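Encoded as structure tokens, the structure appears first; notes follow it.
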Amino acid sequence: MTDSNPKLDKFRAETKAWLDENFPKSLNGKASEISHGKNNSGKLNKDNESWRKNLATQGWGAPTWPVAYGGAGLSQKQAQIINEEMAQIGAFNPIPTLAGMGVTMVGPTILEYGTESQKRRHLPMMASGENFWCLGYSEPGAGSDLASLSTKAEDKGDHWLINGQKVWTSGADIAQWCGALVRTDPSAKKRNGISFVMFPMDQPGIRTRPLKLITGDSPFCEMFFDDAKADKDELLGDLNDGWSLGKRLLQHERQSQTGEGGPASGGEFLGDIAKRYVGTTEDGILEDADLRMRLVNHLMDEQAHKLTISRIMAEAKGNVEVTAVASILKNSATDVAQSRTELLVELMGSQGLGWEGNEYSQDELTSVRMWLGVKAMSIYGGSYEVQKNIISKNILGLPETTQKG
Ligand SMILES: Cc1cc2nc3c(=O)[nH]c(=O)nc-3n(C[C@H](O)[C@H](O)[C@H](O)COP(=O)(O)OP(=O)(O)OC[C@H]3O[C@@H](n4cnc5c(N)ncnc54)[C@H](O)[C@@H]3O)c2cc1C
């Protein structure tokens, strides 16, 4: 339990009152309605749209950002209180989802590296959930070895001219803006000739083609640049310094993926679901001893992951710096999410393998898709193995053995 703090207690009471007045009761527990495709206000239903607007006006879409850039200038602790109070009443902040890679990744990087005019131009539209951002890093020949990327941007005086191809770009087909790593000096060593540029997606030089995931969804795309343009002042950070900035952005990405157990967390307690499907002994404990053991192991891992996050927060006194530690948390969040969904479909038996049809409940159908969906967690944001490389080099101090260049 946290120590009592009169200022924070007052803030909590005000938050409760504000939520009580502004959160539409019809949206209780419906965070999952905000997903891929509902990226701009036009596609949200009336209650969702009014909730988005109210949150944006309050600056709570990105509460720790300065007020001048669409945030509320709050501390991490205050932001945490908002989350806690929202969770209490089934409320949620849809804005990070509506902004794609904006609030969680590109935004924090603009805050750190951007010019004043870039901050004023881009951050408020992210913090209100009106602009959806995609992120163009991976290419057909550059995934884990990202520095091999070959999409190039040429300096044409008043703009950058972009040619090449990206792949696996989440939300490219619905995004208003893209932040991308591009090669600006082909003659430099591969990590030295890269820059980060930002450009609008609605232009003739950009074509996107959705790719299908194993879950049946198409949340990501191939993206082709054929003389696409970026304004001259849309270069983020210094020319040819995109590698260090790009790595920083990835830390923000991993940090955003470390939330307690990842996308598959939350919902009904796994032990209760297991008892319902597998049955109990006369003493009321789960019938299957082997499953019981694995379930307990999973629950302990989940608890250890949550406690590690709490410890890091406490050590940082609520102001968590994004560092290589994000790689540890990203991998433990992946382990927890994948083991939860594995157990979930296993304990449901044949009911946990349905794809469609009236014989399956909505929860069962969702569980199968989640089980398949979280497999991607060990790939996106840098693969599981690549996180291990980062941990061994940047945290354990072991020598680098791969990806030289
Ligand atoms: C759902 C999803 C969404 C994504 N969204 C985006 C996005 O929005 N923008 C974007 O730019 N990218 C996105 N990606 C791409 C993602 O970042 C890459 O898939 C990832 O970086 C791995 O690259 P790759 O697929 O080329 O695999 P590869 O790099 O070819 O890796 C293949 C395998 O080899 C292993 N491997 C490679 N190098 C090493 C090494 N040095 N040491 C140990 N093992 C190694 C990897 O761990 C992996 O298992 C997304 C991917 C997914 C699945």
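Naming works like this for the structure tokens: A, B, ... for the chains as they're shown, residue 1 at the start of each chain, ligands 1 onward in shown order.
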Please identify which residues in range 28-149 of chain A DSSP calls strand (DSSP E or B) from the backbone, and express them as number ranges by chain. A: 100, 133-136, 139, 142
Using the selection just defined, write its residues with N, CA and C atoms as an mmCIF file, in the first residue's frame.
data_model
loop_
_atom_site.group_PDB
_atom_site.id
_atom_site.type_symbol
_atom_site.label_atom_id
_atom_site.label_comp_id
_atom_site.auth_asym_id
_atom_site.auth_seq_id
_atom_site.Cartn_x
_atom_site.Cartn_y
_atom_site.Cartn_z
ATOM 1 N N GLY A 100 -2.519 5.393 -32.230
ATOM 2 C CA GLY A 100 -1.591 4.408 -32.802
ATOM 3 C C GLY A 100 -0.263 4.426 -32.051
ATOM 4 N N TRP A 133 -0.829 7.559 -35.667
ATOM 5 C CA TRP A 133 0.540 7.497 -36.202
ATOM 6 C C TRP A 133 0.954 6.050 -36.422
ATOM 7 N N CYS A 134 1.676 5.806 -37.531
ATOM 8 C CA CYS A 134 2.318 4.506 -37.701
ATOM 9 C C CYS A 134 3.828 4.698 -37.669
ATOM 10 N N LEU A 135 4.532 3.579 -37.588
ATOM 11 C CA LEU A 135 5.979 3.632 -37.390
ATOM 12 C C LEU A 135 6.675 2.767 -38.431
ATOM 13 N N GLY A 136 7.450 3.404 -39.291
ATOM 14 C CA GLY A 136 8.113 2.675 -40.374
ATOM 15 C C GLY A 136 9.558 2.362 -40.040
ATOM 16 N N GLU A 139 11.992 -3.406 -42.634
ATOM 17 C CA GLU A 139 11.971 -3.514 -44.098
ATOM 18 C C GLU A 139 12.172 -4.983 -44.451
ATOM 19 N N ALA A 142 15.554 -5.740 -43.410
ATOM 20 C CA ALA A 142 16.023 -5.145 -42.153
ATOM 21 C C ALA A 142 14.964 -5.304 -41.068
#
Using only C-alpha atoms and all ligand atoms, what are the residues with an atom within 8 Å of ligand 1, set out as number ranges by chain? A: 101, 134-146, 166-172, 180, 213, 219-220, 373, 376-386, 388-389, 402-403
For Gly90 in chain A: contacts at 7 Å, only C-alpha atoms, fewer than 3 positions along chain excluded, given as a PyMOL selection string: chain A and resi 28-29+86-87
Only N, CA and C atoms, please: the residues just picked out, written as a short mmCIF file (atom, residue, chain, number, x, y, z; two decimals), in the first residue's frame.
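The new file again.cif reads:
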data_model
loop_
_atom_site.label_atom_id
_atom_site.label_comp_id
_atom_site.auth_asym_id
_atom_site.auth_seq_id
_atom_site.Cartn_x
_atom_site.Cartn_y
_atom_site.Cartn_z
N ASN A 28 -19.03 1.31 -19.70
CA ASN A 28 -18.42 0.54 -18.62
C ASN A 28 -17.84 -0.79 -19.13
N GLY A 29 -16.52 -0.98 -18.97
CA GLY A 29 -15.87 -2.23 -19.35
C GLY A 29 -15.74 -2.44 -20.85
N MET A 86 -9.98 4.91 -12.85
CA MET A 86 -10.71 4.46 -14.03
C MET A 86 -11.03 2.97 -13.91
N ALA A 87 -9.99 2.19 -13.54
CA ALA A 87 -10.17 0.73 -13.45
C ALA A 87 -11.29 0.37 -12.46
#
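In terms of minimum interatomic distance to Ile214 in chain A, A:Met370 ranks closest within A:Leu19, A:Ile89, A:Ile391, A:Met370, counting only C-alpha atoms.
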Selection: 9 Å around Glu302 in chain A, only C-alpha atoms, excl. self and same-chain fewer than 4 positions, as number ranges by chain: A: 260-261, 297-298, 306-307, 332-333, 335-337, 340
May I ask which of the residues A:Ile390, A:Thr280, A:Asp241, A:Gly349 is the closest one to Asn331 in chain A, counting only C-alpha atoms? A:Ile390
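Residues within 12 Å of Thr366 in chain A, counting only C-alpha atoms and excluding same-chain residues fewer than 3 positions away, are Ser32, Thr215, Ala264, Gly267, Thr341, Leu344, Val345, Gln351, Gly352, Leu353, Gly354, Trp355, Glu356, Tyr360, Ser361, Gln362, Asp363, Arg369, Met370, Trp371, Leu372 and Gly373 of chain A.
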Using DSSP on the backbone, list every residue of range 327-360 of chain A that comes out as alpha helix (DSSP H), and give them as a count of residues only. 21
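Restricting the calculation to only C-alpha atoms, the smallest distance between Val368 in chain A and any of A:Ser148, A:Asn48, A:Gln203, A:Gln338 is found for A:Gln338.
Nearest to Val278 in chain A of all the residues A:Glu234, A:Asp226, A:Glu346, A:Asp47 is A:Glu346, based on only C-alpha atoms.
Restricting the calculation to only C-alpha atoms, the smallest distance between Asp9 in chain A and any of A:Ile82, A:Leu329, A:Ala324, A:Ile312 is found for A:Ile82.
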Using only C-alpha atoms, which residue out of A:Gly59, A:Tyr69, A:Thr334, A:Cys178 lies closest to Val374 in chain A? A:Thr334
Distance query range 252-256 of chain A at most 6 Å, only C-alpha atoms, self and fewer than 5 positions along chain excluded, as a PyMOL selection string: chain A and resi 105+326+330
Within 7 Å of Gly164 in chain A, counting only C-alpha atoms, which residues qualify if same-chain residues fewer than 2 places away don't, as a ChimeraX atom specification? /A:150-152,162,224-226
